[in-house]
>>> print(open('input.cif').read())   # mmCIF, C-alpha atoms
data_entry
#
loop_
_atom_site.label_atom_id
_atom_site.label_comp_id
_atom_site.auth_asym_id
_atom_site.auth_seq_id
_atom_site.Cartn_x
_atom_site.Cartn_y
_atom_site.Cartn_z
CA ASP Y 6 0.00 0.00 0.00
CA ALA Y 7 1.22 3.51 -0.79
CA GLY Y 8 0.24 4.81 2.62
CA VAL Y 9 -1.89 7.86 3.29
CA ILE Y 10 -1.74 10.17 0.30
CA GLN Y 11 -2.24 13.90 0.62
CA SER Y 12 -2.38 16.53 -2.05
CA PRO Y 13 -1.09 19.02 -2.76
CA ARG Y 14 2.22 18.82 -0.87
CA HIS Y 15 2.57 22.58 -0.93
CA GLU Y 16 -0.04 25.28 -1.41
CA VAL Y 17 0.51 29.02 -1.54
CA THR Y 18 -2.59 31.13 -1.78
CA GLU Y 19 -3.72 34.67 -1.24
CA MET Y 20 -5.78 35.72 1.73
CA GLY Y 21 -9.47 35.36 1.02
CA GLN Y 22 -9.11 32.51 -1.43
CA GLU Y 23 -10.66 29.09 -0.95
CA VAL Y 24 -8.25 26.25 -0.25
CA THR Y 25 -9.04 22.54 -0.54
CA LEU Y 26 -6.76 19.89 0.87
CA ARG Y 27 -7.21 16.27 -0.13
CA CYS Y 28 -6.55 12.96 1.54
CA LYS Y 29 -6.72 9.34 0.48
CA PRO Y 30 -6.50 7.04 3.53
CA ILE Y 31 -5.02 3.58 3.53
CA SER Y 32 -7.45 1.09 2.02
CA GLY Y 33 -9.39 -0.76 4.72
CA HIS Y 34 -8.82 1.85 7.40
CA ASN Y 35 -12.07 3.02 8.92
CA SER Y 36 -11.01 6.11 10.88
CA LEU Y 37 -9.62 9.31 9.37
CA PHE Y 38 -8.17 12.30 11.15
CA TRP Y 39 -7.20 15.83 10.11
CA TYR Y 40 -4.47 17.52 12.14
CA ARG Y 41 -2.81 20.91 11.89
CA GLN Y 42 0.79 21.45 13.00
CA THR Y 43 2.43 24.78 13.83
CA MET Y 44 5.50 25.67 15.83
CA MET Y 45 3.41 27.51 18.38
CA ARG Y 46 0.61 25.00 18.93
CA GLY Y 47 2.12 21.69 17.89
CA LEU Y 48 -0.12 18.99 16.39
CA GLU Y 49 -3.79 19.83 16.88
CA LEU Y 50 -6.67 17.50 16.04
CA LEU Y 51 -9.22 19.31 13.89
CA ILE Y 52 -11.78 16.63 13.08
CA TYR Y 53 -12.09 12.88 12.82
CA PHE Y 54 -14.35 10.44 11.00
CA ASN Y 55 -15.34 6.86 11.73
CA ASN Y 56 -16.76 4.93 8.78
CA ASN Y 57 -17.06 8.18 6.82
CA VAL Y 58 -19.17 9.85 9.53
CA PRO Y 59 -17.80 12.94 11.32
CA ILE Y 60 -17.53 12.04 14.99
CA ASP Y 61 -15.87 15.04 16.56
CA ASP Y 62 -15.22 18.40 14.93
CA SER Y 63 -14.61 20.31 18.15
CA GLY Y 64 -11.08 21.11 17.03
CA MET Y 65 -12.16 22.95 13.91
CA PRO Y 66 -11.10 26.51 14.67
CA GLU Y 67 -13.85 28.43 12.89
CA ASP Y 68 -16.75 28.12 10.51
CA ARG Y 69 -14.32 28.91 7.73
CA PHE Y 70 -13.11 25.32 8.08
CA SER Y 71 -15.14 22.39 6.82
CA ALA Y 72 -14.35 18.73 6.15
CA LYS Y 73 -16.10 16.00 4.22
CA MET Y 74 -15.64 12.32 3.65
CA PRO Y 75 -17.94 11.29 0.80
CA ASN Y 76 -16.58 7.74 0.73
CA ALA Y 77 -14.09 5.47 2.45
CA SER Y 78 -11.24 6.43 0.15
CA PHE Y 79 -11.40 10.21 0.06
CA SER Y 80 -11.64 13.21 2.36
CA THR Y 81 -11.29 16.95 1.92
CA LEU Y 82 -10.55 19.82 4.27
CA LYS Y 83 -11.68 23.17 2.97
CA ILE Y 84 -10.84 26.64 4.22
CA GLN Y 85 -13.00 29.46 2.89
CA PRO Y 86 -11.94 32.21 3.06
CA SER Y 87 -8.33 31.56 3.99
CA GLU Y 88 -6.36 33.86 6.29
CA PRO Y 89 -2.60 34.22 6.95
CA ARG Y 90 -3.02 32.64 10.41
CA ASP Y 91 -4.17 29.44 8.71
CA SER Y 92 -0.62 28.91 7.47
CA ALA Y 93 0.52 25.57 8.84
CA VAL Y 94 1.20 21.98 7.86
CA TYR Y 95 -1.99 19.98 7.62
CA PHE Y 96 -1.79 16.24 8.15
CA CYS Y 97 -4.25 13.53 7.39
CA ALA Y 98 -4.00 10.22 9.26
CA SER Y 99 -5.93 6.97 9.21
CA THR Y 100 -6.27 3.98 11.53
CA PRO Y 101 -7.59 0.49 10.90
CA MET Y 102 -10.56 -0.88 12.81
CA GLY Y 103 -9.60 -2.17 16.25
CA ASN Y 104 -6.18 -0.56 16.09
CA THR Y 105 -5.10 2.79 17.46
CA GLU Y 106 -1.84 3.18 15.54
CA ALA Y 107 -2.21 6.26 13.35
CA PHE Y 108 -0.67 6.30 9.87
CA PHE Y 109 0.11 9.82 8.73
CA GLY Y 110 0.42 11.27 5.28
CA GLN Y 111 3.29 13.50 4.24
CA GLY Y 112 1.27 16.62 4.99
CA THR Y 113 0.28 19.71 3.03
CA ARG Y 114 2.26 22.84 3.78
CA LEU Y 115 -0.17 25.74 3.41
CA THR Y 116 1.02 29.31 3.16
CA VAL Y 117 -1.56 32.09 3.03
CA VAL Y 118 -0.12 35.44 2.02
CA SER K 23 -8.75 20.36 30.44
CA GLN K 24 -6.87 17.23 29.44
CA LYS K 25 -3.28 18.00 28.63
CA ILE K 26 -0.25 16.09 27.51
CA GLU K 27 3.11 17.78 27.88
CA GLN K 28 6.62 17.13 26.75
CA ASN K 29 9.81 18.99 27.45
CA SER K 30 10.05 21.43 24.58
CA GLU K 31 13.77 21.93 25.10
CA ALA K 32 15.93 20.07 22.60
CA LEU K 33 17.90 17.15 23.97
CA ASN K 34 21.50 16.88 22.86
CA ILE K 35 23.42 13.70 23.63
CA GLN K 36 26.54 11.91 22.55
CA GLU K 37 26.40 8.89 20.30
CA GLY K 38 26.25 5.65 22.29
CA LYS K 39 24.52 7.21 25.29
CA THR K 40 20.94 6.60 26.36
CA ALA K 41 18.41 9.28 25.50
CA THR K 42 15.47 9.69 27.89
CA LEU K 43 12.42 11.71 26.92
CA THR K 44 9.53 12.58 29.22
CA CYS K 45 5.78 12.81 28.65
CA ASN K 46 3.40 14.00 31.36
CA TYR K 47 -0.38 14.06 31.30
CA THR K 48 -2.84 15.93 33.50
CA ASN K 49 -6.55 15.85 34.31
CA TYR K 50 -7.26 12.42 32.86
CA SER K 51 -6.17 8.81 32.88
CA PRO K 52 -5.45 7.53 29.37
CA ALA K 53 -5.96 3.89 28.56
CA TYR K 54 -2.69 3.90 26.66
CA LEU K 55 0.13 6.13 25.48
CA GLN K 56 1.86 6.11 22.13
CA TRP K 57 5.20 7.40 20.92
CA TYR K 58 5.86 8.65 17.40
CA ARG K 59 8.94 9.82 15.55
CA GLN K 60 8.80 12.79 13.19
CA ASP K 61 11.54 13.76 10.77
CA PRO K 62 11.64 17.24 9.15
CA GLY K 63 9.14 17.57 6.32
CA ARG K 64 7.51 14.22 7.11
CA GLY K 65 4.49 12.99 8.99
CA PRO K 66 4.82 11.30 12.38
CA VAL K 67 5.58 7.58 12.35
CA PHE K 68 4.30 5.24 15.05
CA LEU K 69 6.93 3.59 17.25
CA LEU K 70 5.41 2.05 20.36
CA LEU K 71 2.19 1.77 22.36
CA ILE K 72 2.02 1.04 26.09
CA ARG K 73 -1.22 0.34 27.94
CA GLU K 74 -2.08 1.58 31.42
CA ASN K 75 -1.69 -1.90 32.91
CA GLU K 76 1.79 -2.31 31.45
CA LYS K 77 4.81 -0.96 33.26
CA GLU K 78 7.30 -1.30 30.45
CA LYS K 79 7.45 -2.13 26.75
CA ARG K 80 10.53 -2.74 24.63
CA LYS K 81 11.29 -2.80 20.92
CA GLU K 82 14.88 -3.24 19.86
CA ARG K 83 16.77 -0.25 21.32
CA LEU K 84 13.58 1.47 22.43
CA LYS K 85 11.98 1.21 25.85
CA VAL K 86 8.85 2.91 27.12
CA THR K 87 7.54 3.04 30.68
CA PHE K 88 4.14 4.08 31.99
CA ASP K 89 3.77 5.29 35.58
CA THR K 90 0.11 5.97 36.38
CA THR K 91 1.02 7.30 39.83
CA LEU K 92 3.35 9.94 38.46
CA LYS K 93 1.12 10.39 35.37
CA GLN K 94 4.18 10.03 33.25
CA SER K 95 5.72 8.03 30.44
CA LEU K 96 9.44 7.81 29.76
CA PHE K 97 10.86 6.96 26.36
CA HIS K 98 14.41 5.61 26.21
CA ILE K 99 16.70 5.05 23.25
CA THR K 100 19.74 3.02 24.24
CA ALA K 101 23.03 3.06 22.33
CA SER K 102 21.82 6.14 20.49
CA GLN K 103 22.99 6.87 16.95
CA PRO K 104 23.02 10.06 14.87
CA ALA K 105 20.23 8.47 12.78
CA ASP K 106 18.02 8.64 15.88
CA SER K 107 18.03 12.44 15.63
CA ALA K 108 14.41 13.52 15.15
CA THR K 109 11.45 14.91 17.04
CA TYR K 110 9.64 12.43 19.25
CA LEU K 111 5.97 12.91 20.02
CA CYS K 112 3.90 11.44 22.80
CA ALA K 113 0.19 10.82 22.14
CA SER K 114 -2.79 9.58 24.09
CA PRO K 115 -6.53 9.21 23.63
CA VAL K 116 -8.78 11.69 25.35
CA SER K 117 -11.76 10.72 27.44
CA GLY K 118 -14.70 9.61 25.37
CA GLY K 119 -12.68 8.75 22.30
CA TYR K 120 -10.68 5.54 22.30
CA ASN K 121 -8.82 6.47 19.16
CA LYS K 122 -9.13 10.27 19.34
CA LEU K 123 -5.48 11.10 19.85
CA ILE K 124 -3.98 14.27 21.23
CA PHE K 125 -0.27 14.89 20.90
CA GLY K 126 2.39 16.54 22.98
CA ALA K 127 4.48 19.29 21.43
CA GLY K 128 7.35 16.89 20.88
CA THR K 129 10.96 16.84 22.01
CA ARG K 130 13.72 17.31 19.46
CA LEU K 131 16.58 14.88 19.95
CA ALA K 132 20.01 15.50 18.46
CA VAL K 133 22.59 12.70 18.71
CA HIS K 134 26.12 13.91 18.06
CA PRO K 135 28.92 11.66 16.73
#
>>> encode(input="input.cif", output="structure tokens")
Amino acid sequence: DAGVIQSPRHEVTEMGQEVTLRCKPISGHNSLFWYRQTMMRGLELLIYFNNNVPIDDSGMPEDRFSAKMPNASFSTLKIQPSEPRDSAVYFCASTPMGNTEAFFGQGTRLTVV
Amino acid sequence: SQKIEQNSEALNIQEGKTATLTCNYTNYSPAYLQWYRQDPGRGPVFLLLIRENEKEKRKERLKVTFDTTLKQSLFHITASQPADSATYLCASPVSGGYNKLIFGAGTRLAVHP
């Protein structure tokens, strides 16, 4: 398996623009997580899904952030409109059923200017 | 609130020595703790899991302990090598979410030849 695949790897956008980050979890994994990592705040959990259903989105910072998982093999994290303070590395991770080991993607480095 | 903390100061040690990293948690009792390794520009990679009823777990040169009285986990790398240089993250599930992981800020380890 290729592991968790995120795209794009790098994104530079202007303030106010919409940004969509994409994630393909490992096949057969039933839980998917979106994290954000910054120097100041470390790795923060934004939202997670079990069997494509959002379970906890309490970490989503504002209404500007939204996440979807239309099927078991794809998830998106959208920021609209983006702001400079959203600049961070966004990670997607997945775990198989009955296992708590999280497999992370390579991350998307987002820069909002 | 439930918190998990790691020493944010970088740890510098000489090759061949044992590195010891600390993870402390407050205001909850996690069922398990996990340790991850993160290299620059990469996502975290799972290393070890230790459950609350386990005192110690080993994997090759790695050893993890879990002290529920001190609310602390220690992560040891014996016979350290320059290739062990990375950031090490501690993670645990929060109450109400068996696989909802929160992470410490990580400790950067530098092993010098």
>>> interface_residues(input="input.cif", of="chain Y", to="chain K", cutoff="8 Å", atoms="only C-alpha atoms", output="list in words")
Arg46, Gly47, Leu48, Glu49, Leu50, Tyr53, Phe96, Thr105, Glu106, Ala107, Phe108, Phe109, Gly110, Gln111 and Gly112 of chain Y
>>> atom_distance(input="input.cif", atom1="atom CA of K:Lys93", atom2="atom CA of K:Thr48")
7.1 Å
>>> resolve_selection(input="input.cif", expression="the PyMOL selection byres ((chain Y and resi 68) around 10)", output="PyMOL selection string")
chain Y and resi 65-67+69-71+84-86
>>> atom_distance(input="input.cif", atom1="atom CA of K:Leu33", atom2="atom CA of K:Ile99")
12.2 Å
>>> resolve_selection(input="input.cif", expression="the PyMOL selection byres ((chain K and resi 52) around 8)", output="list in words")
Tyr50, Ser51, Ala53, Tyr54, Leu55, Glu74, Ser114, Pro115, Val116 and Ser117 of chain K
>>> residues_near_point(input="input.cif", point="(9.5, 0.1, 29.4)", cutoff="9 Å", atoms="all atoms listed in the file", output="JSON, numbers by chain")
{"K": [72, 76, 77, 78, 79, 80, 84, 85, 86, 87, 88, 95, 96, 97, 98]}
>>> residues_around(input="input.cif", residues="Y:Met20", least_positions_apart="3", cutoff="6 Å", atoms="all atoms listed in the file", output="number ranges by chain")
Y: 87-88, 117-118
>>> resolve_selection(input="input.cif", expression="the PyMOL selection byres ((chain Y and resi 18) around 8)", output="PyMOL selection string")
chain Y and resi 16-17+19-20+22+24+115-118
>>> closest_residue(input="input.cif", among="Y:Ser32, Y:Thr25, Y:Arg114, Y:Leu37", to="Y:Ala7", atoms="all atoms listed in the file")
Y:Ser32
>>> atom_distance(input="input.cif", atom1="atom CA of Y:Met45", atom2="atom CA of Y:Pro89")
14.6 Å
>>> decode(input="input.cif", residues="stretch 46-77 of chain Y", atoms="N, CA, C and O atoms", output="CSV table (one decimal), in the first residue's frame")
chain,number,residue,atom,x,y,z
Y,46,ARG,N,1.7,25.8,18.3
Y,46,ARG,CA,0.6,25.0,18.9
Y,46,ARG,C,0.8,23.5,18.8
Y,46,ARG,O,0.0,22.7,19.3
Y,47,GLY,N,1.9,23.1,18.1
Y,47,GLY,CA,2.1,21.7,17.9
Y,47,GLY,C,1.1,21.0,17.0
Y,47,GLY,O,0.5,21.7,16.1
Y,48,LEU,N,0.8,19.8,17.2
Y,48,LEU,CA,-0.1,19.0,16.4
Y,48,LEU,C,-1.5,19.0,17.0
Y,48,LEU,O,-1.7,18.5,18.1
Y,49,GLU,N,-2.4,19.7,16.4
Y,49,GLU,CA,-3.8,19.8,16.9
Y,49,GLU,C,-4.8,19.0,16.1
Y,49,GLU,O,-4.8,19.1,14.8
Y,50,LEU,N,-5.6,18.3,16.7
Y,50,LEU,CA,-6.7,17.5,16.0
Y,50,LEU,C,-7.8,18.4,15.6
Y,50,LEU,O,-8.4,19.1,16.5
Y,51,LEU,N,-8.1,18.4,14.4
Y,51,LEU,CA,-9.2,19.3,13.9
Y,51,LEU,C,-10.5,18.6,13.9
Y,51,LEU,O,-11.6,19.1,14.4
Y,52,ILE,N,-10.6,17.4,13.3
Y,52,ILE,CA,-11.8,16.6,13.1
Y,52,ILE,C,-11.4,15.2,12.8
Y,52,ILE,O,-10.3,14.9,12.3
Y,53,TYR,N,-12.3,14.2,13.2
Y,53,TYR,CA,-12.1,12.9,12.8
Y,53,TYR,C,-13.4,12.2,12.4
Y,53,TYR,O,-14.5,12.6,12.9
Y,54,PHE,N,-13.2,11.2,11.6
Y,54,PHE,CA,-14.3,10.4,11.0
Y,54,PHE,C,-14.2,9.0,11.4
Y,54,PHE,O,-13.1,8.4,11.4
Y,55,ASN,N,-15.3,8.3,11.6
Y,55,ASN,CA,-15.3,6.9,11.7
Y,55,ASN,C,-16.3,6.4,10.7
Y,55,ASN,O,-17.5,6.8,10.7
Y,56,ASN,N,-15.9,5.5,9.8
Y,56,ASN,CA,-16.8,4.9,8.8
Y,56,ASN,C,-17.4,6.1,8.0
Y,56,ASN,O,-18.7,6.0,7.8
Y,57,ASN,N,-16.7,7.0,7.6
Y,57,ASN,CA,-17.1,8.2,6.8
Y,57,ASN,C,-18.0,9.2,7.5
Y,57,ASN,O,-18.4,10.2,6.9
Y,58,VAL,N,-18.3,9.0,8.8
Y,58,VAL,CA,-19.2,9.8,9.5
Y,58,VAL,C,-18.3,10.7,10.5
Y,58,VAL,O,-17.5,10.2,11.2
Y,59,PRO,N,-18.6,12.1,10.4
Y,59,PRO,CA,-17.8,12.9,11.3
Y,59,PRO,C,-18.2,12.7,12.8
Y,59,PRO,O,-19.4,12.7,13.1
Y,60,ILE,N,-17.2,12.4,13.6
Y,60,ILE,CA,-17.5,12.0,15.0
Y,60,ILE,C,-17.3,13.2,15.9
Y,60,ILE,O,-18.1,13.5,16.8
Y,61,ASP,N,-16.2,13.9,15.7
Y,61,ASP,CA,-15.9,15.0,16.6
Y,61,ASP,C,-15.2,16.1,15.7
Y,61,ASP,O,-14.1,15.9,15.2
Y,62,ASP,N,-15.8,17.3,15.7
Y,62,ASP,CA,-15.2,18.4,14.9
Y,62,ASP,C,-14.9,19.6,15.9
Y,62,ASP,O,-14.8,20.7,15.5
Y,63,SER,N,-14.8,19.3,17.2
Y,63,SER,CA,-14.6,20.3,18.2
Y,63,SER,C,-13.3,21.0,18.0
Y,63,SER,O,-13.1,22.1,18.5
Y,64,GLY,N,-12.4,20.5,17.3
Y,64,GLY,CA,-11.1,21.1,17.0
Y,64,GLY,C,-11.1,22.0,15.8
Y,64,GLY,O,-10.1,22.7,15.6
Y,65,MET,N,-12.1,22.1,15.1
Y,65,MET,CA,-12.2,23.0,13.9
Y,65,MET,C,-12.2,24.4,14.4
Y,65,MET,O,-13.1,24.7,15.2
Y,66,PRO,N,-11.2,25.2,14.0
Y,66,PRO,CA,-11.1,26.5,14.7
Y,66,PRO,C,-12.3,27.5,14.4
Y,66,PRO,O,-12.6,28.2,15.3
Y,67,GLU,N,-12.8,27.5,13.2
Y,67,GLU,CA,-13.9,28.4,12.9
Y,67,GLU,C,-14.7,27.8,11.8
Y,67,GLU,O,-14.4,26.8,11.2
Y,68,ASP,N,-15.8,28.6,11.6
Y,68,ASP,CA,-16.8,28.1,10.5
Y,68,ASP,C,-16.1,28.2,9.1
Y,68,ASP,O,-16.7,27.6,8.2
Y,69,ARG,N,-15.0,28.8,9.0
Y,69,ARG,CA,-14.3,28.9,7.7
Y,69,ARG,C,-13.8,27.5,7.3
Y,69,ARG,O,-13.4,27.3,6.2
Y,70,PHE,N,-13.6,26.7,8.3
Y,70,PHE,CA,-13.1,25.3,8.1
Y,70,PHE,C,-14.3,24.3,8.0
Y,70,PHE,O,-15.2,24.4,8.8
Y,71,SER,N,-14.2,23.5,7.0
Y,71,SER,CA,-15.1,22.4,6.8
Y,71,SER,C,-14.4,21.2,6.3
Y,71,SER,O,-13.4,21.3,5.6
Y,72,ALA,N,-14.9,20.0,6.6
Y,72,ALA,CA,-14.3,18.7,6.2
Y,72,ALA,C,-15.5,17.8,5.7
Y,72,ALA,O,-16.5,17.8,6.3
Y,73,LYS,N,-15.1,17.0,4.7
Y,73,LYS,CA,-16.1,16.0,4.2
Y,73,LYS,C,-15.4,14.7,4.0
Y,73,LYS,O,-14.2,14.7,3.7
Y,74,MET,N,-16.2,13.6,4.0
Y,74,MET,CA,-15.6,12.3,3.7
Y,74,MET,C,-16.7,11.6,2.9
Y,74,MET,O,-17.5,10.9,3.5
Y,75,PRO,N,-16.8,11.8,1.6
Y,75,PRO,CA,-17.9,11.3,0.8
Y,75,PRO,C,-17.9,9.8,0.6
Y,75,PRO,O,-18.9,9.2,0.4
Y,76,ASN,N,-16.7,9.2,0.8
Y,76,ASN,CA,-16.6,7.7,0.7
Y,76,ASN,C,-15.3,7.3,1.5
Y,76,ASN,O,-14.6,8.1,2.0
Y,77,ALA,N,-15.1,6.0,1.6
Y,77,ALA,CA,-14.1,5.5,2.4
Y,77,ALA,C,-12.7,5.8,1.9
Y,77,ALA,O,-11.7,5.5,2.6
